[in-house]
$ cat query.cif   # mmCIF, C-alpha atoms and all ligand atoms
data_input
#
loop_
_atom_site.label_atom_id
_atom_site.label_comp_id
_atom_site.auth_asym_id
_atom_site.auth_seq_id
_atom_site.Cartn_x
_atom_site.Cartn_y
_atom_site.Cartn_z
CA MET A 31 -40.33 -45.12 57.55
CA THR A 32 -40.85 -46.48 54.03
CA ARG A 33 -40.90 -43.98 51.21
CA PRO A 34 -44.06 -43.79 49.09
CA THR A 35 -43.51 -45.17 45.61
CA VAL A 36 -44.08 -43.38 42.31
CA ILE A 37 -44.40 -44.38 38.65
CA ASP A 38 -43.50 -41.60 36.18
CA LEU A 39 -45.21 -42.02 32.79
CA PHE A 40 -44.03 -40.01 29.76
CA ALA A 41 -41.19 -39.17 32.13
CA GLY A 42 -39.03 -37.12 29.75
CA CYS A 43 -35.68 -36.33 31.35
CA GLY A 44 -37.23 -36.47 34.82
CA GLY A 45 -38.35 -32.94 35.72
CA MET A 46 -41.38 -34.23 37.62
CA THR A 47 -39.35 -36.92 39.37
CA VAL A 48 -36.80 -34.35 40.56
CA GLY A 49 -39.58 -32.57 42.48
CA PHE A 50 -41.25 -35.72 43.81
CA SER A 51 -38.02 -37.37 44.93
CA LEU A 52 -37.03 -34.18 46.79
CA GLU A 53 -40.27 -34.63 48.75
CA GLY A 54 -39.44 -38.20 49.68
CA PHE A 55 -41.05 -40.27 46.91
CA ASP A 56 -39.21 -43.32 45.60
CA PRO A 57 -39.36 -43.76 41.79
CA ILE A 58 -39.93 -47.44 40.92
CA LEU A 59 -40.78 -47.20 37.19
CA ALA A 60 -40.30 -44.52 34.54
CA VAL A 61 -41.56 -44.89 30.97
CA GLU A 62 -40.14 -42.73 28.19
CA GLN A 63 -39.80 -43.50 24.51
CA ASP A 64 -37.20 -40.87 23.57
CA LYS A 65 -33.87 -42.70 24.10
CA PHE A 66 -31.89 -39.58 24.99
CA ALA A 67 -34.51 -38.32 27.45
CA ALA A 68 -34.77 -41.77 29.03
CA ALA A 69 -30.97 -41.85 29.31
CA THR A 70 -30.89 -38.46 31.05
CA TYR A 71 -33.51 -39.76 33.45
CA ALA A 72 -31.44 -42.92 33.99
CA ALA A 73 -28.22 -40.94 34.54
CA ASN A 74 -29.86 -39.10 37.43
CA PHE A 75 -32.17 -41.71 38.97
CA GLY A 76 -30.76 -45.09 37.83
CA GLU A 77 -31.27 -47.24 34.75
CA ASP A 78 -32.76 -50.21 36.62
CA HIS A 79 -36.35 -48.92 36.71
CA VAL A 80 -36.50 -47.19 33.28
CA HIS A 81 -38.51 -48.55 30.36
CA ALA A 82 -36.90 -46.71 27.42
CA GLY A 83 -39.57 -47.34 24.83
CA ASP A 84 -43.20 -46.98 23.88
CA ILE A 85 -45.60 -47.18 26.82
CA ALA A 86 -47.65 -49.69 24.82
CA ASP A 87 -44.77 -52.18 25.04
CA VAL A 88 -44.86 -52.41 28.84
CA MET A 89 -46.62 -55.68 29.69
CA ASN A 90 -49.31 -55.70 32.38
CA GLN A 91 -47.21 -58.05 34.53
CA GLU A 92 -44.33 -55.53 34.39
CA ILE A 93 -46.44 -52.79 36.03
CA PRO A 94 -45.89 -52.72 39.79
CA THR A 95 -48.44 -51.40 42.24
CA ALA A 96 -47.47 -47.90 43.37
CA ASP A 97 -48.70 -45.20 45.73
CA LEU A 98 -48.62 -42.59 43.02
CA VAL A 99 -48.66 -42.29 39.22
CA ILE A 100 -47.42 -39.00 37.76
CA GLY A 101 -47.27 -37.64 34.20
CA GLY A 102 -50.00 -37.36 31.62
CA PRO A 103 -50.19 -38.34 27.96
CA PRO A 104 -49.19 -35.51 25.63
CA CYS A 105 -52.22 -33.79 24.08
CA GLN A 106 -52.84 -34.71 20.46
CA GLY A 107 -54.28 -31.32 19.54
CA PHE A 108 -57.18 -29.04 20.09
CA SER A 109 -59.10 -29.29 16.87
CA ASN A 110 -62.13 -31.52 16.82
CA LEU A 111 -63.49 -30.37 20.18
CA GLY A 112 -66.26 -32.32 21.84
CA LEU A 113 -66.62 -35.65 23.50
CA LYS A 114 -64.21 -38.34 22.36
CA ARG A 115 -64.26 -41.90 23.46
CA LEU A 116 -61.55 -44.02 24.95
CA ASP A 117 -61.96 -46.65 22.23
CA ASP A 118 -61.19 -44.11 19.49
CA PRO A 119 -57.85 -45.32 18.00
CA ARG A 120 -56.46 -41.79 18.27
CA ASN A 121 -56.69 -42.09 22.03
CA GLN A 122 -54.19 -44.88 22.35
CA LEU A 123 -51.99 -42.99 24.82
CA TRP A 124 -54.96 -42.32 27.10
CA ARG A 125 -55.94 -45.97 26.93
CA GLU A 126 -52.39 -46.80 27.97
CA TYR A 127 -52.64 -44.32 30.80
CA MET A 128 -55.88 -45.93 32.08
CA ARG A 129 -54.26 -49.37 31.80
CA PHE A 130 -51.44 -48.21 34.07
CA ILE A 131 -53.90 -46.81 36.61
CA THR A 132 -55.83 -50.09 36.58
CA MET A 133 -52.69 -52.19 37.10
CA ALA A 134 -50.74 -49.91 39.50
CA LYS A 135 -53.83 -49.03 41.59
CA PRO A 136 -52.27 -45.81 42.89
CA GLN A 137 -53.89 -43.93 45.72
CA VAL A 138 -53.24 -40.72 43.83
CA PHE A 139 -52.43 -39.74 40.25
CA VAL A 140 -51.13 -36.41 38.97
CA ILE A 141 -51.47 -35.28 35.36
CA GLU A 142 -49.58 -32.32 33.92
CA ASN A 143 -50.53 -30.87 30.58
CA VAL A 144 -50.65 -27.68 28.56
CA ASP A 145 -52.64 -24.73 29.92
CA ARG A 146 -55.45 -25.23 27.38
CA PHE A 147 -55.83 -28.88 28.37
CA SER A 148 -59.25 -28.30 29.97
CA SER A 149 -60.63 -27.31 26.55
CA SER A 150 -59.36 -30.47 24.87
CA PRO A 151 -61.36 -33.57 23.96
CA GLU A 152 -58.89 -35.56 26.05
CA PHE A 153 -59.88 -33.65 29.16
CA HIS A 154 -63.57 -34.36 28.57
CA MET A 155 -62.72 -38.00 28.14
CA LEU A 156 -60.85 -37.93 31.44
CA LEU A 157 -63.89 -36.41 33.19
CA ALA A 158 -66.09 -39.15 31.69
CA GLU A 159 -63.72 -41.80 33.09
CA VAL A 160 -63.89 -40.16 36.54
CA ASP A 161 -67.65 -40.02 36.28
CA ARG A 162 -68.35 -43.63 35.44
CA GLY A 163 -65.27 -45.36 34.01
CA VAL A 164 -61.87 -46.64 35.05
CA LEU A 165 -61.29 -43.64 37.34
CA LYS A 166 -64.65 -43.72 39.12
CA ASP A 167 -63.07 -44.28 42.55
CA TYR A 168 -61.05 -41.07 42.22
CA GLU A 169 -62.06 -37.53 43.10
CA ILE A 170 -60.27 -34.90 41.09
CA SER A 171 -59.10 -31.31 41.49
CA TYR A 172 -57.73 -29.40 38.56
CA GLY A 173 -56.67 -25.95 37.51
CA VAL A 174 -54.02 -23.97 35.70
CA LEU A 175 -50.98 -23.24 37.86
CA ASN A 176 -48.17 -20.80 37.08
CA ALA A 177 -44.72 -22.13 38.05
CA ALA A 178 -43.68 -18.59 39.07
CA ASP A 179 -46.29 -18.73 41.86
CA TYR A 180 -44.36 -21.67 43.36
CA GLY A 181 -40.92 -20.09 43.46
CA VAL A 182 -39.71 -20.91 39.93
CA SER A 183 -37.92 -18.11 38.01
CA GLN A 184 -40.17 -18.69 35.01
CA ARG A 185 -43.75 -17.91 34.03
CA ARG A 186 -45.03 -21.26 32.83
CA ARG A 187 -48.72 -22.04 32.99
CA ARG A 188 -49.70 -25.70 33.11
CA THR A 189 -52.90 -27.58 33.82
CA ILE A 190 -52.52 -29.86 36.82
CA VAL A 191 -55.02 -32.59 37.65
CA ILE A 192 -54.79 -34.40 40.98
CA GLY A 193 -56.94 -37.54 41.27
CA SER A 194 -57.26 -39.27 44.62
CA ARG A 195 -59.15 -42.28 45.98
CA VAL A 196 -58.08 -41.45 49.56
CA GLY A 197 -60.00 -38.17 49.87
CA LYS A 198 -60.01 -35.17 47.59
CA ILE A 199 -56.68 -33.33 47.42
CA GLN A 200 -56.76 -29.63 46.62
CA LEU A 201 -54.22 -28.02 44.31
CA PRO A 202 -51.33 -26.42 46.21
CA GLU A 203 -51.74 -22.79 47.24
CA PRO A 204 -49.23 -20.34 45.70
CA THR A 205 -46.22 -19.46 47.79
CA HIS A 206 -45.10 -16.52 45.61
CA ALA A 207 -46.83 -13.65 43.81
CA ARG A 208 -45.94 -10.90 41.37
CA LYS A 209 -46.59 -8.11 43.86
CA PRO A 210 -47.53 -9.70 47.18
CA SER A 211 -49.18 -7.54 49.81
CA PRO A 212 -47.47 -7.73 53.23
CA ALA A 213 -50.62 -9.31 54.67
CA SER A 214 -50.64 -12.15 52.14
CA GLY A 215 -47.57 -13.88 53.59
CA LEU A 216 -46.47 -14.60 50.02
CA LEU A 217 -42.96 -14.03 48.71
CA PRO A 218 -42.23 -12.01 45.57
CA TRP A 219 -41.70 -13.93 42.33
CA ARG A 220 -38.16 -15.22 41.90
CA THR A 221 -36.30 -13.60 39.06
CA VAL A 222 -33.98 -14.54 36.21
CA LYS A 223 -31.20 -12.90 38.22
CA ASP A 224 -31.82 -15.27 41.14
CA ARG A 225 -31.09 -18.24 38.90
CA ILE A 226 -28.51 -17.34 36.24
CA HIS A 227 -26.59 -14.28 37.42
CA GLY A 228 -22.81 -14.61 37.48
CA LEU A 229 -22.40 -17.26 34.78
CA PRO A 230 -19.78 -16.58 32.06
CA ALA A 231 -21.19 -14.01 29.61
CA ILE A 232 -19.16 -15.46 26.75
CA PRO A 233 -19.04 -19.25 27.06
CA ASP A 234 -15.71 -20.79 26.01
CA SER A 235 -17.04 -23.29 23.53
CA THR A 236 -19.65 -23.63 20.80
CA GLU A 237 -19.78 -27.41 21.28
CA LEU A 238 -20.62 -30.06 23.83
CA PRO A 239 -17.53 -31.85 25.20
CA ASP A 240 -16.44 -34.86 23.23
CA SER A 241 -17.60 -37.57 25.62
CA LEU A 242 -19.69 -40.68 25.14
CA THR A 243 -21.67 -42.85 27.50
CA GLU A 244 -23.75 -45.99 27.29
CA PHE A 245 -27.38 -46.46 28.25
CA PHE A 246 -29.75 -49.27 27.29
CA GLY A 247 -26.91 -50.89 25.32
CA GLU A 248 -26.45 -47.83 23.08
CA THR A 249 -23.64 -45.32 22.89
CA MET A 250 -24.79 -41.73 23.26
CA PRO A 251 -23.26 -38.25 23.74
CA GLY A 252 -22.82 -37.47 27.43
CA MET A 253 -23.01 -37.37 30.31
CA PHE A 254 -22.70 -33.59 30.60
CA LYS A 255 -23.01 -31.42 33.66
CA GLY A 256 -23.10 -27.74 34.64
CA LEU A 257 -20.88 -25.49 32.52
CA GLU A 258 -20.38 -28.29 29.99
CA ILE A 259 -23.79 -27.37 28.57
CA HIS A 260 -23.03 -23.64 28.81
CA PHE A 261 -21.93 -23.32 25.16
CA ARG A 262 -22.52 -20.41 22.79
CA ARG A 263 -23.77 -20.18 19.22
CA ASP A 264 -22.14 -18.19 16.45
CA PRO A 265 -24.91 -16.01 15.03
CA ARG A 266 -24.52 -14.20 11.69
CA PRO A 267 -23.64 -10.47 11.85
CA ILE A 268 -27.20 -9.53 10.79
CA SER A 269 -28.62 -11.50 13.73
CA LEU A 270 -26.18 -9.85 16.16
CA ALA A 271 -27.19 -6.45 14.80
CA ARG A 272 -30.86 -7.28 15.45
CA TYR A 273 -30.26 -8.52 19.01
CA SER A 274 -28.27 -5.40 19.85
CA TYR A 275 -31.40 -3.21 19.56
CA VAL A 276 -33.59 -5.29 21.88
CA PRO A 277 -33.76 -4.00 25.47
CA PRO A 278 -34.83 -6.15 28.46
CA GLY A 279 -38.57 -6.85 28.15
CA GLY A 280 -38.47 -5.76 24.49
CA GLY A 281 -38.72 -7.76 21.30
CA ARG A 282 -38.82 -7.57 17.53
CA PHE A 283 -40.60 -4.17 17.54
CA ASP A 284 -37.42 -2.61 18.92
CA VAL A 285 -35.40 -3.66 15.87
CA PRO A 286 -35.11 -1.14 12.99
CA THR A 287 -37.49 -2.20 10.24
CA ASP A 288 -34.80 -2.48 7.59
CA LEU A 289 -32.94 -5.05 9.69
CA LEU A 290 -35.97 -7.32 10.10
CA PRO A 291 -36.49 -10.42 8.00
CA ARG A 292 -39.10 -9.85 5.27
CA CYS A 293 -41.72 -12.13 6.87
CA TRP A 294 -41.76 -9.93 9.98
CA ARG A 295 -41.70 -6.66 8.06
CA GLU A 296 -44.82 -7.84 6.25
CA LYS A 297 -46.51 -8.87 9.49
CA PRO A 298 -46.31 -5.75 11.65
CA THR A 299 -48.67 -7.04 14.39
CA GLY A 300 -48.88 -10.17 16.57
CA THR A 301 -46.14 -12.53 17.82
CA THR A 302 -44.95 -9.85 20.21
CA ASP A 303 -42.58 -11.93 22.31
CA VAL A 304 -40.36 -13.12 19.44
CA MET A 305 -36.76 -12.00 19.52
CA GLY A 306 -37.52 -10.92 23.05
CA ARG A 307 -34.99 -10.19 25.75
CA MET A 308 -35.40 -11.42 29.32
CA ARG A 309 -35.40 -9.07 32.30
CA TRP A 310 -33.05 -9.60 35.21
CA ASP A 311 -35.71 -8.52 37.69
CA PHE A 312 -38.58 -10.71 36.51
CA PRO A 313 -39.20 -14.42 35.90
CA SER A 314 -38.57 -15.49 32.29
CA HIS A 315 -41.25 -16.32 29.75
CA THR A 316 -41.97 -20.01 29.17
CA ILE A 317 -38.84 -21.94 28.15
CA ARG A 318 -39.83 -24.07 25.17
CA THR A 319 -37.92 -26.76 23.28
CA GLU A 320 -36.36 -24.29 20.80
CA PHE A 321 -35.15 -21.72 23.32
CA PHE A 322 -31.86 -21.55 21.41
CA LYS A 323 -33.61 -19.75 18.53
CA PRO A 324 -34.26 -16.07 19.39
CA GLU A 325 -36.93 -15.85 16.72
CA LYS A 326 -39.02 -18.38 18.67
CA GLY A 327 -39.58 -16.45 21.88
CA SER A 328 -38.09 -14.31 24.61
CA TYR A 329 -34.74 -15.98 25.01
CA LEU A 330 -32.09 -13.26 24.71
CA HIS A 331 -29.79 -12.89 27.71
CA PRO A 332 -31.05 -10.11 30.03
CA GLN A 333 -27.78 -8.16 30.20
CA TRP A 334 -28.23 -5.00 28.08
CA VAL A 335 -27.17 -1.39 28.63
CA PRO A 336 -28.30 1.34 26.20
CA GLY A 337 -25.55 2.89 24.12
CA ARG A 338 -25.34 6.48 22.84
CA PRO A 339 -26.47 7.10 19.25
CA ARG A 340 -23.43 7.77 17.07
CA HIS A 341 -23.30 10.63 14.59
CA GLY A 342 -25.70 9.92 11.72
CA GLU A 343 -27.55 7.11 13.57
CA ASP A 344 -31.35 7.22 13.74
CA ALA A 345 -32.10 8.09 17.39
CA ARG A 346 -35.47 6.30 17.24
CA TRP A 347 -33.64 3.00 17.55
CA ILE A 348 -31.55 2.53 20.67
CA LYS A 349 -28.65 0.18 20.34
CA GLY A 350 -27.13 -1.59 23.32
CA ASP A 351 -23.61 -0.68 24.42
CA PRO A 352 -21.58 -3.53 22.88
CA MET A 353 -19.17 -3.61 25.84
CA LYS A 354 -21.90 -3.85 28.46
CA SER A 355 -24.53 -5.98 26.72
CA VAL A 356 -24.71 -9.71 26.13
CA ASN A 357 -26.01 -10.39 22.65
CA ARG A 358 -26.85 -14.06 22.70
CA VAL A 359 -29.67 -16.40 23.65
CA VAL A 360 -29.54 -18.16 26.99
CA THR A 361 -27.40 -21.30 26.93
CA HIS A 362 -28.66 -24.81 27.59
CA TYR A 363 -27.29 -24.53 31.13
CA GLU A 364 -29.10 -21.24 31.79
CA ALA A 365 -32.32 -22.66 30.32
CA SER A 366 -32.00 -25.75 32.54
CA LEU A 367 -31.64 -23.52 35.61
CA LEU A 368 -34.68 -21.43 34.61
CA GLN A 369 -36.49 -24.77 34.28
CA ASP A 370 -35.43 -25.34 37.88
CA PHE A 371 -33.10 -28.30 37.34
CA PRO A 372 -30.35 -28.75 39.95
CA GLU A 373 -26.96 -27.27 38.97
CA ASP A 374 -25.37 -30.71 38.88
CA TYR A 375 -28.09 -32.46 36.86
CA LEU A 376 -26.59 -34.86 34.30
CA TRP A 377 -27.58 -34.62 30.63
CA VAL A 378 -27.39 -37.13 27.78
CA GLY A 379 -27.90 -36.50 24.07
CA THR A 380 -27.16 -34.09 21.26
CA LYS A 381 -27.59 -30.31 21.66
CA ILE A 382 -31.07 -30.46 20.09
CA ALA A 383 -32.10 -33.51 22.10
CA ILE A 384 -31.05 -31.89 25.39
CA ALA A 385 -32.87 -28.65 24.51
CA LYS A 386 -36.02 -30.71 23.86
CA GLN A 387 -35.68 -32.44 27.22
CA ILE A 388 -35.25 -29.11 29.00
CA GLY A 389 -38.15 -27.39 27.21
CA ASN A 390 -40.54 -30.30 27.75
CA ALA A 391 -39.97 -30.62 31.47
CA VAL A 392 -42.08 -29.67 34.45
CA PRO A 393 -40.01 -27.27 36.60
CA SER A 394 -39.06 -29.12 39.76
CA GLY A 395 -40.33 -26.28 41.99
CA LEU A 396 -43.84 -26.76 40.62
CA ALA A 397 -43.59 -30.55 40.84
CA ARG A 398 -42.32 -30.21 44.39
CA ALA A 399 -45.25 -28.03 45.47
CA ILE A 400 -47.64 -30.68 44.13
CA ALA A 401 -45.65 -33.47 45.79
CA ARG A 402 -45.82 -31.65 49.13
CA GLN A 403 -49.58 -31.40 48.79
CA VAL A 404 -49.99 -35.08 47.92
CA ARG A 405 -47.50 -36.53 50.40
CA PRO A 406 -49.72 -36.53 53.55
CA ALA A 407 -52.42 -38.49 51.69
CA VAL A 408 -50.11 -41.35 50.76
CA ALA A 409 -47.85 -41.38 53.82
C1 LIG A 501 -44.05 -33.22 28.16
S1 LIG A 501 -42.87 -34.48 28.04
C2 LIG A 501 -42.75 -35.03 29.71
C3 LIG A 501 -41.89 -34.18 30.60
C4 LIG A 501 -41.65 -34.78 31.96
N1 LIG A 501 -42.86 -34.96 32.71
C5 LIG A 501 -40.67 -33.92 32.75
O1 LIG A 501 -41.08 -33.31 33.73
O2 LIG A 501 -39.47 -33.86 32.39
C6 LIG A 501 -43.79 -35.80 27.33
C7 LIG A 501 -42.95 -37.03 27.02
O3 LIG A 501 -43.79 -38.09 26.56
C8 LIG A 501 -42.98 -38.93 25.76
N2 LIG A 501 -43.85 -39.84 25.00
C9 LIG A 501 -44.70 -39.52 23.99
N3 LIG A 501 -45.32 -40.62 23.53
C10 LIG A 501 -44.85 -41.68 24.25
C11 LIG A 501 -45.10 -43.09 24.23
N4 LIG A 501 -45.95 -43.62 23.36
N5 LIG A 501 -44.46 -43.87 25.10
C12 LIG A 501 -43.57 -43.33 26.00
N6 LIG A 501 -43.29 -42.01 26.06
C13 LIG A 501 -43.90 -41.18 25.20
C14 LIG A 501 -42.22 -37.92 24.90
O4 LIG A 501 -41.04 -38.50 24.34
C15 LIG A 501 -41.93 -36.80 25.91
O5 LIG A 501 -40.63 -36.91 26.45
#

$ encode --input "query.cif" --output "C-alpha cells" --more "lines below"
Ligand SMILES: C[S@@+](CC[C@H](N)C(=O)[O-])C[C@H]1O[C@@H](n2cnc3c(N)ncnc32)[C@H](O)[C@@H]1O
Amino acid sequence: MTRPTVIDLFAGCGGMTVGFSLEGFDPILAVEQDKFAAATYAANFGEDHVHAGDIADVMNQEIPTADLVIGGPPCQGFSNLGLKRLDDPRNQLWREYMRFITMAKPQVFVIENVDRFSSSPEFHMLLAEVDRGVLKDYEISYGVLNAADYGVSQRRRRTIVIGSRVGKIQLPEPTHARKPSPASGLLPWRTVKDRIHGLPAIPDSTELPDSLTEFFGETMPGMFKGLEIHFRRDPRPISLARYSYVPPGGGRFDVPTDLLPRCWREKPTGTTDVMGRMRWDFPSHTIRTEFFKPEKGSYLHPQWVPGRPRHGEDARWIKGDPMKSVNRVVTHYEASLLQDFPEDYLWVGTKIAIAKQIGNAVPSGLARAIARQVRPAVA
C-alpha cells in the first residue's frame, strides 16, 4: 500500500511531521527558513526534501502534488481586526500558503495556529478564501484543541483548521480529560511525572557537547540527542533563593516580597504563572520558546518538599527543603519530552535555537490525533 504524501510548510524542527509520519504519512517537502530548525528537521527526516529558506523562494515547478499540506503561516498579530485582503502586502505568507495549495492540490490541508487565531484578520481572510476564493472546493472544520486532551503531558491550546475537498472532516474527539467520568471512556490527563520522572536532578554539564555537523553546506552545532540536551544553568544565589520558596503549582506570590525584583514588587497583581513551579501530578503549562527563564512562565522543576522554618525565619514564607527539592528550570531535554518529542529525537543548533524549536512545535500527540482523523479520507 502506498503511503499518503505530505508537505509541511513552516515546518520548524518537525513536531507536526513526527505525528503525521507515525500515522503513516510520507513527508515529500518541508519548508523552513530558520537554518537550525530546518537542520533539526533534516537530521530526523532526511535533508533531501527540505527547502531551508524563505517559502517565497520555492518555485512553482518545485512544488509537488501531495495528498496533504500541513502547517499554517505564523500570525502577524491581532491588532487591526477586521477583514483583510489577500493582496495586502502584509499578507505575503498567506499568499504563499494559497500558492502552495493551488500547486500541490492536496485533498486535505491542516493549519495550526495560536488559540486566538479565530479572532485574527488572517482567519477572516481564510474564511473568505473558502467562501469564494482559492479554497472554495474545501469544506473546513475548526476549533481550539488542548494537547492535554489528546494524551500530551502539557496544557497547550491551539487552533486547528482542517480543510478537505473529499468530504468534511471533523476535528478529532478528545481521548483524555482532566477528571473523566467512568462512563466517558476517556483516560485521565497525562502528567509531568509520566514524561520526565527519573531523569538526573542535577545534570552533569552546563553546556551542549562540543560537536559539529553539516547541513545545507553549513557547519552547525549538533547533532545532539537525549541527555546531551539535559544541561543545567547556573543561576545567581538570589534567583536560587527565590525558587526555593515556590511550591508545586505556586509562583511569584509565594516568594517573600523583599526577595522579588522591583518590577514585580511594584506590580502586585497579574502575571500569576511567572516563576511558577510545575506539578508532578498534572500536565505542565504551555512550553514556550523561553522555557529556560523562570520569570517567563511555569517552568521550575516539580520536585519540591517543604522545609521547616528555622529559628528567626518568617513562618509566612515556606522554603523548600534544600536536600529534597530541585531548584532549577526544566532542561531542554525535559521540555522536549513535555512537547512530546521522542526520547531519541536529534537536535541541531545553539542552546537558544534549540529552545526556540522546542517551544514553537506542535506536540506530536496532538499532531498524531489529527493525522489519525485525516488518514481515512486520503487513504
Ligand atoms: C510555529 S513554527 C512551526 C512549528 C512546526 N509546525 C512544528 O510542529 O515543529 C513556525 C515556523 O515558521 C517559520 N517561518 C516563518 N516565516 C517563514 C518563511 N517566510 N518561510 C519559511 N518559514 C518561515 C519559522 O521559522 C518557524 O519555525

$ residues_near_point --input "query.cif" --point "(-27.1, -21.5, 38.1)" --cutoff "7 Å" --atoms "only C-alpha atoms" --output "list of chain:residue names"
A:Arg225, A:Ile226, A:Glu364, A:Leu367, A:Glu373

$ closest_residue --input "query.cif" --among "A:Ser51, A:Tyr275, A:Asp167, A:Val404" --to "Asp351 (chain A)" --atoms "all atoms listed in the file"
A:Tyr275

$ residues_around --input "query.cif" --residues "Glu77 (chain A)" --least-positions-apart "5" --cutoff "9 Å" --atoms "all atoms listed in the file" --output "NGL selection string"
:A and (68-69 or 71-72 or 245-246)

$ write_last_selection --input "query.cif" --atoms "C-alpha atoms" --output "CSV table (one decimal), in the frame of the given file"
chain,number,residue,atom,x,y,z
A,68,ALA,CA,-34.8,-41.8,29.0
A,69,ALA,CA,-31.0,-41.8,29.3
A,71,TYR,CA,-33.5,-39.8,33.4
A,72,ALA,CA,-31.4,-42.9,34.0
A,245,PHE,CA,-27.4,-46.5,28.2
A,246,PHE,CA,-29.8,-49.3,27.3

$ closest_atom_pairs --input "query.cif" --of "chain A" --to "ligand LIG 501 (chain A)" --cutoff "8 Å" --atoms "all atoms listed in the file" --output "JSON lines"
{"residue": "A:Asp38", "atom": "CA", "partner": "A:LIG501", "partner_atom": "N1", "distance": 7.5}
{"residue": "A:Leu39", "atom": "CA", "partner": "A:LIG501", "partner_atom": "N6", "distance": 7.0}
{"residue": "A:Phe40", "atom": "CA", "partner": "A:LIG501", "partner_atom": "O3", "distance": 3.7}
{"residue": "A:Ala41", "atom": "CA", "partner": "A:LIG501", "partner_atom": "C4", "distance": 4.4}
{"residue": "A:Gly42", "atom": "CA", "partner": "A:LIG501", "partner_atom": "O5", "distance": 3.7}
{"residue": "A:Cys43", "atom": "CA", "partner": "A:LIG501", "partner_atom": "O2", "distance": 4.6}
{"residue": "A:Gly44", "atom": "CA", "partner": "A:LIG501", "partner_atom": "O2", "distance": 4.2}
{"residue": "A:Gly45", "atom": "CA", "partner": "A:LIG501", "partner_atom": "O1", "distance": 3.4}
{"residue": "A:Met46", "atom": "CA", "partner": "A:LIG501", "partner_atom": "O1", "distance": 4.0}
{"residue": "A:Thr47", "atom": "CA", "partner": "A:LIG501", "partner_atom": "O1", "distance": 6.9}
{"residue": "A:Val61", "atom": "CA", "partner": "A:LIG501", "partner_atom": "C12", "distance": 5.6}
{"residue": "A:Glu62", "atom": "CA", "partner": "A:LIG501", "partner_atom": "N6", "distance": 3.9}
{"residue": "A:Gln63", "atom": "CA", "partner": "A:LIG501", "partner_atom": "C12", "distance": 4.1}
{"residue": "A:Asp64", "atom": "CA", "partner": "A:LIG501", "partner_atom": "O4", "distance": 4.6}
{"residue": "A:Ala67", "atom": "CA", "partner": "A:LIG501", "partner_atom": "O5", "distance": 6.4}
{"residue": "A:Ala82", "atom": "CA", "partner": "A:LIG501", "partner_atom": "C12", "distance": 7.6}
{"residue": "A:Gly83", "atom": "CA", "partner": "A:LIG501", "partner_atom": "C12", "distance": 5.8}
{"residue": "A:Asp84", "atom": "CA", "partner": "A:LIG501", "partner_atom": "N5", "distance": 3.6}
{"residue": "A:Ile85", "atom": "CA", "partner": "A:LIG501", "partner_atom": "N5", "distance": 3.9}
{"residue": "A:Ala86", "atom": "CA", "partner": "A:LIG501", "partner_atom": "N4", "distance": 6.5}
{"residue": "A:Ile100", "atom": "CA", "partner": "A:LIG501", "partner_atom": "N1", "distance": 7.9}
{"residue": "A:Gly101", "atom": "CA", "partner": "A:LIG501", "partner_atom": "N1", "distance": 5.4}
{"residue": "A:Gly102", "atom": "CA", "partner": "A:LIG501", "partner_atom": "N1", "distance": 7.6}
{"residue": "A:Pro103", "atom": "CA", "partner": "A:LIG501", "partner_atom": "O3", "distance": 6.6}
{"residue": "A:Pro104", "atom": "CA", "partner": "A:LIG501", "partner_atom": "C6", "distance": 5.7}
{"residue": "A:Leu123", "atom": "CA", "partner": "A:LIG501", "partner_atom": "N4", "distance": 6.2}
{"residue": "A:Glu142", "atom": "CA", "partner": "A:LIG501", "partner_atom": "N1", "distance": 7.3}
{"residue": "A:Asn143", "atom": "CA", "partner": "A:LIG501", "partner_atom": "C1", "distance": 7.3}
{"residue": "A:Gln387", "atom": "CA", "partner": "A:LIG501", "partner_atom": "O2", "distance": 6.6}
{"residue": "A:Ile388", "atom": "CA", "partner": "A:LIG501", "partner_atom": "O2", "distance": 7.2}
{"residue": "A:Asn390", "atom": "CA", "partner": "A:LIG501", "partner_atom": "C1", "distance": 4.6}
{"residue": "A:Ala391", "atom": "CA", "partner": "A:LIG501", "partner_atom": "O2", "distance": 3.4}
{"residue": "A:Val392", "atom": "CA", "partner": "A:LIG501", "partner_atom": "O1", "distance": 3.8}
{"residue": "A:Pro393", "atom": "CA", "partner": "A:LIG501", "partner_atom": "O1", "distance": 6.8}
{"residue": "A:Ser394", "atom": "CA", "partner": "A:LIG501", "partner_atom": "O1", "distance": 7.6}

$ closest_residue --input "query.cif" --among "A:Ser235, A:Gln369, A:Ser269, A:Thr35" --to "Gly181 (chain A)" --atoms "all atoms listed in the file"
A:Gln369

$ residues_around --input "query.cif" --residues "region 279-284 of chain A" --least-positions-apart "5" --cutoff "10 Å" --atoms "all atoms listed in the file" --output "tab-separated table (two decimals) with C-alpha atoms, keeping the file's coordinate frame"
chain	number	residue	atom	x	y	z
A	272	ARG	CA	-30.86	-7.28	15.45
A	273	TYR	CA	-30.26	-8.52	19.01
A	274	SER	CA	-28.27	-5.40	19.85
A	290	LEU	CA	-35.97	-7.32	10.10
A	294	TRP	CA	-41.76	-9.93	9.98
A	295	ARG	CA	-41.70	-6.66	8.06
A	298	PRO	CA	-46.31	-5.75	11.65
A	299	THR	CA	-48.67	-7.04	14.39
A	301	THR	CA	-46.14	-12.53	17.82
A	302	THR	CA	-44.95	-9.85	20.21
A	303	ASP	CA	-42.58	-11.93	22.31
A	304	VAL	CA	-40.36	-13.12	19.44
A	305	MET	CA	-36.76	-12.00	19.52
A	306	GLY	CA	-37.52	-10.92	23.05
A	307	ARG	CA	-34.99	-10.19	25.75
A	308	MET	CA	-35.40	-11.42	29.32
A	309	ARG	CA	-35.40	-9.07	32.30
A	310	TRP	CA	-33.05	-9.60	35.21
A	312	PHE	CA	-38.58	-10.71	36.51
A	314	SER	CA	-38.57	-15.49	32.29
A	315	HIS	CA	-41.25	-16.32	29.75
A	324	PRO	CA	-34.26	-16.07	19.39
A	325	GLU	CA	-36.93	-15.85	16.72
A	327	GLY	CA	-39.58	-16.45	21.88
A	328	SER	CA	-38.09	-14.31	24.61
A	329	TYR	CA	-34.74	-15.98	25.01
A	330	LEU	CA	-32.09	-13.26	24.71
A	332	PRO	CA	-31.05	-10.11	30.03
A	346	ARG	CA	-35.47	6.30	17.24
A	347	TRP	CA	-33.64	3.00	17.55
A	348	ILE	CA	-31.55	2.53	20.67
A	349	LYS	CA	-28.65	0.18	20.34
